[in-house]
>>> print(open('work-v3.pdb').read())   # PDB, C-alpha atoms, pLDDT in the B column
MODEL        1
ATOM      1  CA  VAL A 272       0.000   0.000   0.000  1.00 46.00           C
ATOM      2  CA  PHE A 273       2.844   2.349   0.900  1.00 45.00           C
ATOM      3  CA  LEU A 274       4.564   1.719  -2.449  1.00 46.00           C
ATOM      4  CA  VAL A 275       1.332   2.277  -4.387  1.00 48.00           C
ATOM      5  CA  GLY A 276       0.794   5.592  -2.593  1.00 50.00           C
ATOM      6  CA  PHE A 277       4.410   6.571  -3.199  1.00 44.00           C
ATOM      7  CA  PHE A 278       4.242   5.892  -6.928  1.00 46.00           C
ATOM      8  CA  ARG A 279       0.901   7.709  -7.218  1.00 56.00           C
ATOM      9  CA  SER A 280       2.339  10.738  -5.403  1.00 58.00           C
ATOM     10  CA  HIS A 281       5.450  10.618  -7.583  1.00 53.00           C
ATOM     11  CA  ALA A 282       3.340  10.446 -10.758  1.00 60.00           C
ATOM     12  CA  LEU A 283       1.173  13.362  -9.567  1.00 61.00           C
ATOM     13  CA  LEU A 284       4.250  15.431  -8.709  1.00 60.00           C
ATOM     14  CA  SER A 285       5.813  14.677 -12.097  1.00 62.00           C
ATOM     15  CA  GLN A 286       2.585  15.715 -13.830  1.00 65.00           C
ATOM     16  CA  GLN A 287       2.489  18.994 -11.870  1.00 64.00           C
ATOM     17  CA  LEU A 288       6.140  19.686 -12.704  1.00 59.00           C
ATOM     18  CA  ARG A 289       5.446  19.120 -16.411  1.00 66.00           C
ATOM     19  CA  LYS A 290       2.542  21.571 -16.255  1.00 62.00           C
ATOM     20  CA  ILE A 291       4.746  24.160 -14.551  1.00 54.00           C
ATOM     21  CA  GLN A 292       7.471  23.682 -17.164  1.00 56.00           C
ATOM     22  CA  GLU A 293       4.930  23.993 -19.991  1.00 55.00           C
ATOM     23  CA  SER A 294       3.496  27.118 -18.369  1.00 54.00           C
ATOM     24  CA  ASP A 295       6.976  28.641 -17.989  1.00 57.00           C
ATOM     25  CA  GLY A 296       7.720  27.860 -21.635  1.00 53.00           C
ATOM     26  CA  LYS A 297       4.505  29.543 -22.791  1.00 55.00           C
ATOM     27  CA  LEU A 298       5.187  32.567 -20.578  1.00 54.00           C
ATOM     28  CA  ARG A 299       8.723  32.870 -21.945  1.00 61.00           C
ATOM     29  CA  GLU A 300       7.366  32.651 -25.489  1.00 63.00           C
ATOM     30  CA  LEU A 301       4.894  35.466 -24.779  1.00 68.00           C
ATOM     31  CA  VAL A 302       7.706  37.640 -23.417  1.00 78.00           C
ATOM     32  CA  TYR A 303      10.196  36.987 -26.206  1.00 90.00           C
ATOM     33  CA  VAL A 304       8.102  36.157 -29.304  1.00 92.00           C
ATOM     34  CA  ASP A 305       5.360  38.334 -30.800  1.00 93.00           C
ATOM     35  CA  ALA A 306       2.295  36.143 -31.256  1.00 89.00           C
ATOM     36  CA  SER A 307       0.986  37.939 -34.371  1.00 89.00           C
ATOM     37  CA  THR A 308       4.194  37.950 -36.417  1.00 94.00           C
ATOM     38  CA  GLY A 309       6.561  35.388 -34.900  1.00 93.00           C
ATOM     39  CA  LEU A 310       9.179  38.134 -34.565  1.00 95.00           C
ATOM     40  CA  ARG A 311      11.108  39.101 -31.462  1.00 94.00           C
ATOM     41  CA  THR A 312       9.342  41.338 -28.978  1.00 94.00           C
ATOM     42  CA  THR A 313      10.634  44.723 -27.861  1.00 92.00           C
ATOM     43  CA  HIS A 314      11.706  43.099 -24.588  1.00 93.00           C
ATOM     44  CA  ALA A 315      13.831  40.539 -26.438  1.00 94.00           C
ATOM     45  CA  GLN A 316      15.339  43.236 -28.648  1.00 95.00           C
ATOM     46  CA  ARG A 317      16.237  45.375 -25.622  1.00 95.00           C
ATOM     47  CA  GLU A 318      17.945  42.421 -23.960  1.00 95.00           C
ATOM     48  CA  ARG A 319      19.952  41.831 -27.129  1.00 96.00           C
ATOM     49  CA  MET A 320      21.001  45.498 -27.292  1.00 96.00           C
ATOM     50  CA  GLY A 321      21.990  45.411 -23.642  1.00 96.00           C
ATOM     51  CA  ALA A 322      24.226  42.392 -24.281  1.00 96.00           C
ATOM     52  CA  LEU A 323      25.858  44.116 -27.260  1.00 96.00           C
ATOM     53  CA  ILE A 324      26.552  47.267 -25.246  1.00 96.00           C
ATOM     54  CA  LYS A 325      28.016  45.197 -22.425  1.00 95.00           C
ATOM     55  CA  ALA A 326      30.275  43.413 -24.947  1.00 95.00           C
ATOM     56  CA  GLN A 327      31.209  46.786 -26.488  1.00 95.00           C
ATOM     57  CA  THR A 328      29.992  45.606 -29.893  1.00 96.00           C
ATOM     58  CA  PRO A 329      28.969  48.409 -32.278  1.00 96.00           C
ATOM     59  CA  PHE A 330      25.478  48.086 -33.738  1.00 97.00           C
ATOM     60  CA  ALA A 331      22.766  50.108 -35.427  1.00 98.00           C
ATOM     61  CA  LEU A 332      19.024  50.276 -34.921  1.00 98.00           C
ATOM     62  CA  LEU A 333      16.622  50.813 -37.789  1.00 98.00           C
ATOM     63  CA  ALA A 334      13.200  51.973 -36.620  1.00 97.00           C
ATOM     64  CA  LEU A 335      10.411  51.201 -39.116  1.00 97.00           C
ATOM     65  CA  ASN A 336       7.016  52.872 -39.053  1.00 96.00           C
ATOM     66  CA  MET A 337       4.255  52.186 -41.583  1.00 94.00           C
ATOM     67  CA  ASP A 338       2.920  55.288 -43.319  1.00 91.00           C
ATOM     68  CA  ASP A 339      -0.816  55.996 -42.893  1.00 85.00           C
ATOM     69  CA  PHE A 340      -1.506  52.615 -41.306  1.00 88.00           C
ATOM     70  CA  ARG A 341      -4.607  54.071 -39.651  1.00 87.00           C
ATOM     71  CA  LEU A 342      -6.291  53.982 -43.083  1.00 87.00           C
ATOM     72  CA  VAL A 343      -5.668  50.225 -43.216  1.00 88.00           C
ATOM     73  CA  ASN A 344      -7.267  49.677 -39.812  1.00 85.00           C
ATOM     74  CA  ASP A 345     -10.167  51.996 -40.611  1.00 83.00           C
ATOM     75  CA  ASN A 346     -10.960  50.123 -43.827  1.00 86.00           C
ATOM     76  CA  LEU A 347     -10.094  46.520 -42.951  1.00 89.00           C
ATOM     77  CA  GLY A 348     -10.734  46.485 -39.211  1.00 90.00           C
ATOM     78  CA  PRO A 349      -8.423  45.064 -36.533  1.00 87.00           C
ATOM     79  CA  THR A 350      -8.379  41.537 -38.002  1.00 90.00           C
ATOM     80  CA  GLY A 351      -7.425  42.831 -41.428  1.00 92.00           C
ATOM     81  CA  GLY A 352      -4.894  45.179 -39.843  1.00 92.00           C
ATOM     82  CA  ASP A 353      -3.257  42.294 -37.988  1.00 92.00           C
ATOM     83  CA  ALA A 354      -3.090  40.282 -41.225  1.00 92.00           C
ATOM     84  CA  ILE A 355      -1.383  43.165 -43.037  1.00 93.00           C
ATOM     85  CA  ILE A 356       1.090  43.608 -40.165  1.00 94.00           C
ATOM     86  CA  ALA A 357       1.922  39.882 -40.332  1.00 94.00           C
ATOM     87  CA  GLY A 358       2.428  40.179 -44.090  1.00 94.00           C
ATOM     88  CA  ALA A 359       4.644  43.227 -43.649  1.00 95.00           C
ATOM     89  CA  ALA A 360       6.684  41.386 -40.996  1.00 95.00           C
ATOM     90  CA  ALA A 361       7.313  38.505 -43.407  1.00 95.00           C
ATOM     91  CA  ALA A 362       8.335  40.945 -46.169  1.00 95.00           C
ATOM     92  CA  ILE A 363      10.718  42.797 -43.822  1.00 96.00           C
ATOM     93  CA  ARG A 364      12.305  39.567 -42.600  1.00 95.00           C
ATOM     94  CA  ALA A 365      12.756  38.361 -46.193  1.00 95.00           C
ATOM     95  CA  ALA A 366      14.389  41.670 -47.152  1.00 95.00           C
ATOM     96  CA  VAL A 367      16.745  41.805 -44.173  1.00 96.00           C
ATOM     97  CA  LEU A 368      17.838  38.142 -44.313  1.00 91.00           C
ATOM     98  CA  ALA A 369      21.058  37.635 -42.296  1.00 90.00           C
ATOM     99  CA  ASP A 370      21.940  41.342 -42.216  1.00 92.00           C
ATOM    100  CA  GLY A 371      19.783  42.130 -39.197  1.00 94.00           C
ATOM    101  CA  GLU A 372      17.505  40.928 -36.415  1.00 96.00           C
ATOM    102  CA  VAL A 373      13.882  41.997 -36.848  1.00 97.00           C
ATOM    103  CA  ALA A 374      11.499  42.698 -33.953  1.00 97.00           C
ATOM    104  CA  ARG A 375       7.916  43.923 -33.585  1.00 95.00           C
ATOM    105  CA  ALA A 376       7.912  47.153 -31.604  1.00 91.00           C
ATOM    106  CA  ALA A 377       4.263  48.179 -31.226  1.00 84.00           C
ATOM    107  CA  GLY A 378       1.296  48.498 -33.548  1.00 85.00           C
ATOM    108  CA  ALA A 379       2.612  49.058 -37.053  1.00 91.00           C
ATOM    109  CA  GLU A 380       6.191  49.612 -35.891  1.00 95.00           C
ATOM    110  CA  PHE A 381       9.225  47.352 -36.200  1.00 97.00           C
ATOM    111  CA  THR A 382      12.933  47.519 -35.405  1.00 97.00           C
ATOM    112  CA  VAL A 383      15.915  45.957 -37.124  1.00 98.00           C
ATOM    113  CA  LEU A 384      19.131  45.424 -35.188  1.00 97.00           C
ATOM    114  CA  VAL A 385      22.248  45.394 -37.365  1.00 97.00           C
ATOM    115  CA  THR A 386      25.658  44.272 -36.100  1.00 95.00           C
ATOM    116  CA  GLY A 387      28.967  43.869 -37.884  1.00 87.00           C
ATOM    117  CA  ASP A 388      28.913  46.353 -40.751  1.00 90.00           C
ATOM    118  CA  VAL A 389      27.328  49.536 -39.371  1.00 93.00           C
ATOM    119  CA  ASP A 390      28.641  51.801 -42.108  1.00 95.00           C
ATOM    120  CA  SER A 391      26.019  54.338 -43.212  1.00 95.00           C
ATOM    121  CA  GLN A 392      26.039  53.072 -46.790  1.00 96.00           C
ATOM    122  CA  HIS A 393      25.399  49.485 -45.700  1.00 96.00           C
ATOM    123  CA  LEU A 394      22.623  50.516 -43.312  1.00 97.00           C
ATOM    124  CA  ARG A 395      20.891  52.531 -46.027  1.00 97.00           C
ATOM    125  CA  ALA A 396      21.223  49.553 -48.359  1.00 96.00           C
ATOM    126  CA  VAL A 397      19.457  47.342 -45.789  1.00 97.00           C
ATOM    127  CA  GLY A 398      16.751  49.983 -45.407  1.00 97.00           C
ATOM    128  CA  GLN A 399      16.331  50.270 -49.165  1.00 97.00           C
ATOM    129  CA  ARG A 400      15.887  46.491 -49.466  1.00 96.00           C
ATOM    130  CA  ILE A 401      13.045  46.770 -46.964  1.00 96.00           C
ATOM    131  CA  LEU A 402      11.391  49.576 -48.945  1.00 96.00           C
ATOM    132  CA  ASP A 403      11.839  47.598 -52.167  1.00 95.00           C
ATOM    133  CA  GLY A 404      10.351  44.496 -50.568  1.00 93.00           C
ATOM    134  CA  LEU A 405       7.225  46.447 -49.654  1.00 93.00           C
ATOM    135  CA  THR A 406       6.636  47.736 -53.189  1.00 91.00           C
ATOM    136  CA  HIS A 407       4.699  44.523 -53.848  1.00 89.00           C
ATOM    137  CA  PRO A 408       1.119  44.859 -52.563  1.00 90.00           C
ATOM    138  CA  LEU A 409      -0.047  42.794 -49.607  1.00 91.00           C
ATOM    139  CA  ARG A 410      -3.378  40.999 -49.880  1.00 89.00           C
ATOM    140  CA  TYR A 411      -6.226  40.609 -47.424  1.00 90.00           C
ATOM    141  CA  ASN A 412      -9.161  38.690 -48.877  1.00 88.00           C
ATOM    142  CA  ASP A 413      -9.744  40.490 -52.201  1.00 86.00           C
ATOM    143  CA  VAL A 414      -8.094  43.757 -51.137  1.00 87.00           C
ATOM    144  CA  ARG A 415      -4.600  44.750 -52.291  1.00 90.00           C
ATOM    145  CA  ILE A 416      -2.713  47.066 -49.930  1.00 88.00           C
ATOM    146  CA  HIS A 417       0.300  49.111 -51.003  1.00 89.00           C
ATOM    147  CA  LEU A 418       2.316  49.902 -47.879  1.00 88.00           C
ATOM    148  CA  GLY A 419       4.676  52.787 -47.359  1.00 91.00           C
ATOM    149  CA  MET A 420       7.367  52.734 -44.686  1.00 95.00           C
ATOM    150  CA  SER A 421       9.419  55.453 -43.007  1.00 97.00           C
ATOM    151  CA  ILE A 422      12.801  54.301 -41.699  1.00 98.00           C
ATOM    152  CA  GLY A 423      15.049  55.995 -39.146  1.00 97.00           C
ATOM    153  CA  ILE A 424      18.601  54.935 -38.306  1.00 98.00           C
ATOM    154  CA  ALA A 425      20.637  55.499 -35.139  1.00 97.00           C
ATOM    155  CA  ARG A 426      23.951  53.918 -34.155  1.00 97.00           C
ATOM    156  CA  CYS A 427      25.630  52.759 -30.956  1.00 97.00           C
ATOM    157  CA  PRO A 428      28.104  53.985 -29.768  1.00 95.00           C
ATOM    158  CA  VAL A 429      28.317  56.720 -32.444  1.00 95.00           C
ATOM    159  CA  ASP A 430      25.084  58.436 -31.382  1.00 95.00           C
ATOM    160  CA  THR A 431      24.628  57.135 -27.824  1.00 95.00           C
ATOM    161  CA  LEU A 432      25.406  54.276 -25.437  1.00 95.00           C
ATOM    162  CA  GLU A 433      21.926  54.256 -23.849  1.00 96.00           C
ATOM    163  CA  ILE A 434      19.178  51.948 -25.125  1.00 96.00           C
ATOM    164  CA  ASP A 435      16.287  54.344 -24.448  1.00 96.00           C
ATOM    165  CA  GLU A 436      18.173  57.212 -26.051  1.00 96.00           C
ATOM    166  CA  LEU A 437      19.021  55.074 -29.086  1.00 97.00           C
ATOM    167  CA  LEU A 438      15.337  54.253 -29.545  1.00 96.00           C
ATOM    168  CA  ARG A 439      14.461  57.921 -29.212  1.00 95.00           C
ATOM    169  CA  LEU A 440      17.064  59.004 -31.743  1.00 96.00           C
ATOM    170  CA  ALA A 441      15.951  56.371 -34.244  1.00 96.00           C
ATOM    171  CA  ASN A 442      12.381  57.644 -33.853  1.00 95.00           C
ATOM    172  CA  VAL A 443      13.529  61.247 -34.320  1.00 95.00           C
ATOM    173  CA  ALA A 444      14.967  60.104 -37.657  1.00 96.00           C
ATOM    174  CA  VAL A 445      11.678  58.324 -38.472  1.00 96.00           C
ATOM    175  CA  HIS A 446       9.757  61.571 -37.926  1.00 94.00           C
ATOM    176  CA  GLU A 447      12.193  63.346 -40.222  1.00 94.00           C
ATOM    177  CA  ALA A 448      11.499  60.694 -42.881  1.00 95.00           C
ATOM    178  CA  LYS A 449       7.750  61.230 -42.464  1.00 94.00           C
ATOM    179  CA  ASN A 450       8.226  65.003 -42.738  1.00 92.00           C
ATOM    180  CA  LEU A 451       9.914  64.349 -46.083  1.00 94.00           C
ATOM    181  CA  GLY A 452       6.813  62.528 -47.307  1.00 94.00           C
ATOM    182  CA  GLY A 453       7.461  58.988 -46.036  1.00 94.00           C
ATOM    183  CA  ARG A 454       8.666  55.942 -47.963  1.00 94.00           C
ATOM    184  CA  CYS A 455      12.270  56.975 -47.337  1.00 96.00           C
ATOM    185  CA  ILE A 456      15.261  56.517 -45.020  1.00 98.00           C
ATOM    186  CA  CYS A 457      16.783  59.091 -42.684  1.00 97.00           C
ATOM    187  CA  GLN A 458      19.834  58.629 -40.500  1.00 97.00           C
ATOM    188  CA  TYR A 459      19.911  60.531 -37.224  1.00 96.00           C
ATOM    189  CA  GLU A 460      21.786  63.822 -37.188  1.00 93.00           C
ATOM    190  CA  LEU A 461      22.176  66.238 -34.304  1.00 90.00           C
ATOM    191  CA  ALA A 462      20.335  68.959 -36.235  1.00 89.00           C
ATOM    192  CA  MET A 463      17.189  66.779 -36.234  1.00 87.00           C
ATOM    193  CA  ASP A 464      17.090  66.940 -32.442  1.00 79.00           C
ATOM    194  CA  GLU A 465      17.281  70.726 -32.531  1.00 72.00           C
ATOM    195  CA  VAL A 466      14.359  70.880 -34.964  1.00 62.00           C
ATOM    196  CA  ALA A 467      12.361  68.505 -32.726  1.00 59.00           C
ATOM    197  CA  ARG A 468      13.046  70.709 -29.679  1.00 63.00           C
ATOM    198  CA  GLN A 469      12.018  73.825 -31.597  1.00 57.00           C
ATOM    199  CA  ASN A 470       8.786  72.152 -32.703  1.00 56.00           C
ATOM    200  CA  LEU A 471       8.059  71.088 -29.129  1.00 53.00           C
ATOM    201  CA  TRP A 472       8.741  74.629 -27.874  1.00 47.00           C
ATOM    202  CA  LEU A 473       6.524  76.119 -30.574  1.00 53.00           C
ATOM    203  CA  ASP A 474       3.696  73.666 -29.897  1.00 54.00           C
ATOM    204  CA  HIS A 475       3.869  74.305 -26.141  1.00 55.00           C
ATOM    205  CA  ASN A 476       3.850  78.084 -26.503  1.00 56.00           C
ATOM    206  CA  LEU A 477       1.045  78.101 -29.088  1.00 58.00           C
ATOM    207  CA  ARG A 478      -1.103  75.985 -26.810  1.00 61.00           C
ATOM    208  CA  ALA A 479      -0.282  78.224 -23.841  1.00 59.00           C
ATOM    209  CA  ALA A 480      -1.196  81.305 -25.888  1.00 59.00           C
ATOM    210  CA  LEU A 481      -4.486  79.730 -26.982  1.00 61.00           C
ATOM    211  CA  ASP A 482      -5.301  78.749 -23.408  1.00 64.00           C
ATOM    212  CA  ALA A 483      -4.624  82.346 -22.345  1.00 66.00           C
ATOM    213  CA  MET A 484      -6.739  83.545 -25.318  1.00 63.00           C
ATOM    214  CA  GLN A 485      -3.959  85.835 -26.444  1.00 54.00           C
ATOM    215  CA  PHE A 486      -5.123  85.539 -30.103  1.00 49.00           C
TER     216      PHE A 486
ENDMDL
END
>>> encode(input="work-v3.pdb", output="structure tokens")
Amino acid sequence: VFLVGFFRSHALLSQQLRKIQESDGKLRELVYVDASTGLRTTHAQRERMGALIKAQTPFALLALNMDDFRLVNDNLGPTGGDAIIAGAAAAIRAAVLADGEVARAAGAEFTVLVTGDVDSQHLRAVGQRILDGLTHPLRYNDVRIHLGMSIGIARCPVDTLEIDELLRLANVAVHEAKNLGGRCICQYELAMDEVARQNLWLDHNLRAALDAMQF
């Protein structure tokens, strides 16, 4: 009787351990893999950047932002929007190949981490391959969607050694690309930050003036 109880307890414990391991595996997958696209998550990309900084390995970050994606969501709905994002992710990954590590940032935004050759010409070539790969329309049911993409580039340690600052600088470059009409690549320059600060100052003071009903 004792042995039967022991083996039953052992079997139950083994079953519970398997469930815990399966649960941990699923949780890890949620943290590190984007469910909609199969790409890395932002968390996984940040960990990778942190490891590269610690190893003093130069790298570049390409921030990708779809142009006018709101129109896609408005016309196709969230399910159609998710399908287009998944299609865009596949196109980006196919364009980048072994030259970078692609991650889903948020919404219709992606990042590409490039190590090794971080020369400006090479980075722009990677970005151009992405733009070229998205010239082919994506399909959802019977609808053909032509996507535009704005790409911003920032480099570590050339521009900064901080992850959050690198993300910010890459996004500053993205906004510059959008200001130029989208579907293009901009690499971060110090002057872009000055323009962004001026725009912020202007926006703040205009709003303050309106609130004070000064005109």
>>> residues_around(input="work-v3.pdb", residues="stretch 440-444 of chain A", least_positions_apart="4", cutoff="10 Å", atoms="only C-alpha atoms", output="ChimeraX atom specification")
/A:331-336,382,421-426,430-431,434-436,448-450,456-461,463-464,466-467
>>> atom_distance(input="work-v3.pdb", atom1="atom CA of A:Val385", atom2="atom CA of A:Asp370")
6.3 Å
>>> residues_around(input="work-v3.pdb", residues="A:His407", least_positions_apart="2", cutoff="9 Å", atoms="all atoms listed in the file", output="list in words")
Asp403, Gly404, Leu405, Leu409, Ile416, His417 and Leu418 of chain A
>>> closest_residue(input="work-v3.pdb", among="A:Gln392, A:Gln327, A:Asn344, A:Thr313", to="A:Arg375", atoms="only C-alpha atoms")
A:Thr313
>>> resolve_selection(input="work-v3.pdb", expression="the PyMOL selection byres ((chain A and resi 386) around 7)", output="JSON, numbers by chain")
{"A": [329, 330, 331, 371, 384, 385, 387, 388, 389]}
>>> atom_distance(input="work-v3.pdb", atom1="atom CA of A:Ala377", atom2="atom CA of A:Val397")
21.1 Å
>>> axis_aligned_box(input="work-v3.pdb", around="stretch 379-395 of chain A", padding_each_side="6 Å", output="JSON")
{"center_x": 15.8, "center_y": 49.1, "center_z": -41.0, "size_x": 38.4, "size_y": 22.5, "size_z": 23.6}
>>> atom_distance(input="work-v3.pdb", atom1="atom CA of A:Asp413", atom2="atom CA of A:Arg454")
24.4 Å
>>> closest_residue(input="work-v3.pdb", among="A:Gly419, A:Glu433, A:Gln399, A:Ala376", to="A:Gly321", atoms="all atoms listed in the file")
A:Glu433
>>> closest_residue(input="work-v3.pdb", among="A:Leu310, A:Met320, A:Val343, A:Ile355", to="A:Tyr411", atoms="only C-alpha atoms")
A:Ile355
